[in-house]
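Chemist: One structure, as structure tokens, below. Some questions next.
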Amino acid sequence: MSGRGRGRGRGLEEEHEEHVDERWMASYMDMVTVLMCMFIVLFAMSSVDEAKFVQLKNSLATGFGAVDVGKIDTAEGIVVPADLVDAPAVNHDVGLTDLDLAIAEVNDLTAVQAAMQAALSAVGLDALVEYTIDERGLSVGLIGSETFFEPNVATLSGQAVSVLDTIGPVLAGSQREVSVEGHADRHGVTVNYPTDWELSSARATQVLRNLVERTGVAQERIGAIGYGSARPVDTGDDLAAMARNRRVDVVLLSNQPDSVRALIPSVLNGTAVPDETAPVESVPAHSSDKTGTNKPEVSSGH
């Protein structure tokens, strides 16, 4: 019995040893399964929806100028006739006259002015700025150069930085172009600059840098100009007139065509508004709204 038992044990051991080299079948079966899945996916991808294929074919035929394709395009809707392909785009301002656009422009510029004035009033700086709306756009005048600059230099004062930091975000939120324009009186020669041209340009550049670097006005929408003493606002020879001519204007330019901008002054004074046109809302009676009643500081410095 024990001999047969040992013999049976050896037989089982030998039978077990015969299957040792068949482990490769597991990997083979895995590979076959993966291949089967791959072919199923390829078959699914190769299945063509005949209706969609015909629609695609007809759409391409229409795009290449075929007239009668028998089907509509794959895009839902009406196929655009060939004679309308080159038709101009619809103008969203159809029906609006130049006067309508001028009224809307004045209202928009007035709203920007009101936003600046409210922001400056909140910090007690509204008396340092004056506003003018005309055919160019909205001009924000920095009153009295001594308030914003030391005599004969272009460095911004602390008050100037505060004013620009306050109005800058309003300018940054607009998509209009901004022109920073420096002006000087007629003294001609300064202590630190060869002429008033250089001084006015340097002051305008300092204002521009503050608006771009501190308040986020896009640099592609802003530029600085120095006019020297070529564009005075007061032709007098007294010290007060000279002080008024030493200034920097930040101009938010109108983006309307010339025919519309030419109507802005008459819209402001009400002469261009016909009977059937609604009156302009919140437009000041005059193009200049001077919130600061104080006079510019009188000084012999530039």
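So you can find residues: chains in the structure tokens are A, B, ... in the order shown, residues in each start at 1, and ligands are numbered from 1 in order.
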Could you find all residues in region 110-251 of chain A that DSSP calls helix (DSSP H, G or I) from the backbone, and write them as a VMD selection string?

Modeler: chain A and resid 110 to 122 126 to 128 145 to 148 158 to 172 196 to 215 219 to 221 239 to 245

Chemist: Assign secondary structure with DSSP using the backbone only, and return the residues of region 138-168 of chain A in strand (DSSP E) as a list of chain:residue names.

Modeler: A:Leu138, A:Ser139, A:Val140, A:Gly141, A:Leu142

Chemist: What does the file look like for those residues with N, CA, C and O atoms, as a compact mmCIF listing (two decimals), in the first residue's frame?

Modeler:
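Contents of selection-v6.txt, as written:
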```txt
# COMPACT_ATOMS: atom_id res chain seq x y z
N LEU A 138 -13.48 114.20 -23.73
CA LEU A 138 -13.50 114.72 -22.36
C LEU A 138 -12.08 115.08 -21.94
O LEU A 138 -11.20 114.22 -21.90
N SER A 139 -11.88 116.37 -21.64
CA SER A 139 -10.57 116.83 -21.16
C SER A 139 -10.62 116.99 -19.65
O SER A 139 -11.51 117.65 -19.11
N VAL A 140 -9.65 116.39 -18.98
CA VAL A 140 -9.52 116.51 -17.53
C VAL A 140 -8.30 117.38 -17.27
O VAL A 140 -7.17 116.96 -17.50
N GLY A 141 -8.54 118.61 -16.83
CA GLY A 141 -7.45 119.55 -16.62
C GLY A 141 -6.95 119.54 -15.20
O GLY A 141 -7.74 119.60 -14.25
N LEU A 142 -5.64 119.44 -15.05
CA LEU A 142 -5.01 119.51 -13.73
C LEU A 142 -4.73 120.98 -13.44
O LEU A 142 -3.84 121.59 -14.03
```

Chemist: Quick one: residues within 10 Å of Val123 (chain A), only C-alpha atoms, excluding same-chain residues fewer than 2 positions away - as a PyMOL selection string?

Modeler: chain A and resi 118-121+125-126+162-163+166

Chemist: Produce a table with one row for each residue of region 101-129 of chain A that has an atom at most 9 Å from any atom of region 248-257 of chain A, each row naming the nearest atom pair and its distance in Å at one decimal; use only C-alpha atoms; arrange rows by chain and rising residue number; format as a Markdown table.

Modeler:
```
| residue | atom | partner | partner_atom | distance |
| --- | --- | --- | --- | --- |
| A:Leu101 | CA | A:Gln256 | CA | 8.1 |
| A:Ala102 | CA | A:Gln256 | CA | 8.1 |
| A:Glu105 | CA | A:Ser254 | CA | 7.7 |
| A:Leu109 | CA | A:Ser254 | CA | 8.4 |
```

Chemist: Would you mind exporting the chosen residues as a PDB file, in the first residue's frame, restricted to N, CA, C and O atoms?

Modeler:
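This went into part_24.pdb:
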```pdb
ATOM      1  N   LEU A 101     -26.066 109.669 -32.621  1.00  0.00           N
ATOM      2  CA  LEU A 101     -24.769 109.195 -32.138  1.00  0.00           C
ATOM      3  C   LEU A 101     -24.063 110.271 -31.318  1.00  0.00           C
ATOM      4  O   LEU A 101     -23.382 109.963 -30.332  1.00  0.00           O
ATOM      5  N   ALA A 102     -24.205 111.528 -31.723  1.00  0.00           N
ATOM      6  CA  ALA A 102     -23.580 112.614 -30.969  1.00  0.00           C
ATOM      7  C   ALA A 102     -24.195 112.737 -29.579  1.00  0.00           C
ATOM      8  O   ALA A 102     -23.486 112.962 -28.583  1.00  0.00           O
ATOM      9  N   GLU A 105     -22.889 109.968 -27.513  1.00  0.00           N
ATOM     10  CA  GLU A 105     -21.488 110.210 -27.153  1.00  0.00           C
ATOM     11  C   GLU A 105     -21.387 111.205 -26.000  1.00  0.00           C
ATOM     12  O   GLU A 105     -20.606 111.015 -25.063  1.00  0.00           O
ATOM     13  N   LEU A 109     -19.705 110.413 -22.366  1.00  0.00           N
ATOM     14  CA  LEU A 109     -18.611 111.214 -21.809  1.00  0.00           C
ATOM     15  C   LEU A 109     -19.012 111.872 -20.496  1.00  0.00           C
ATOM     16  O   LEU A 109     -18.204 111.973 -19.568  1.00  0.00           O
TER      17      LEU A 109
END
```

Chemist: Name the closest residue to Ala172 (chain A) among the candidates A:Thr215, A:Thr33, A:Ser201, A:Asn245; distances are taken between atoms, counting only C-alpha atoms.

Modeler: A:Thr215
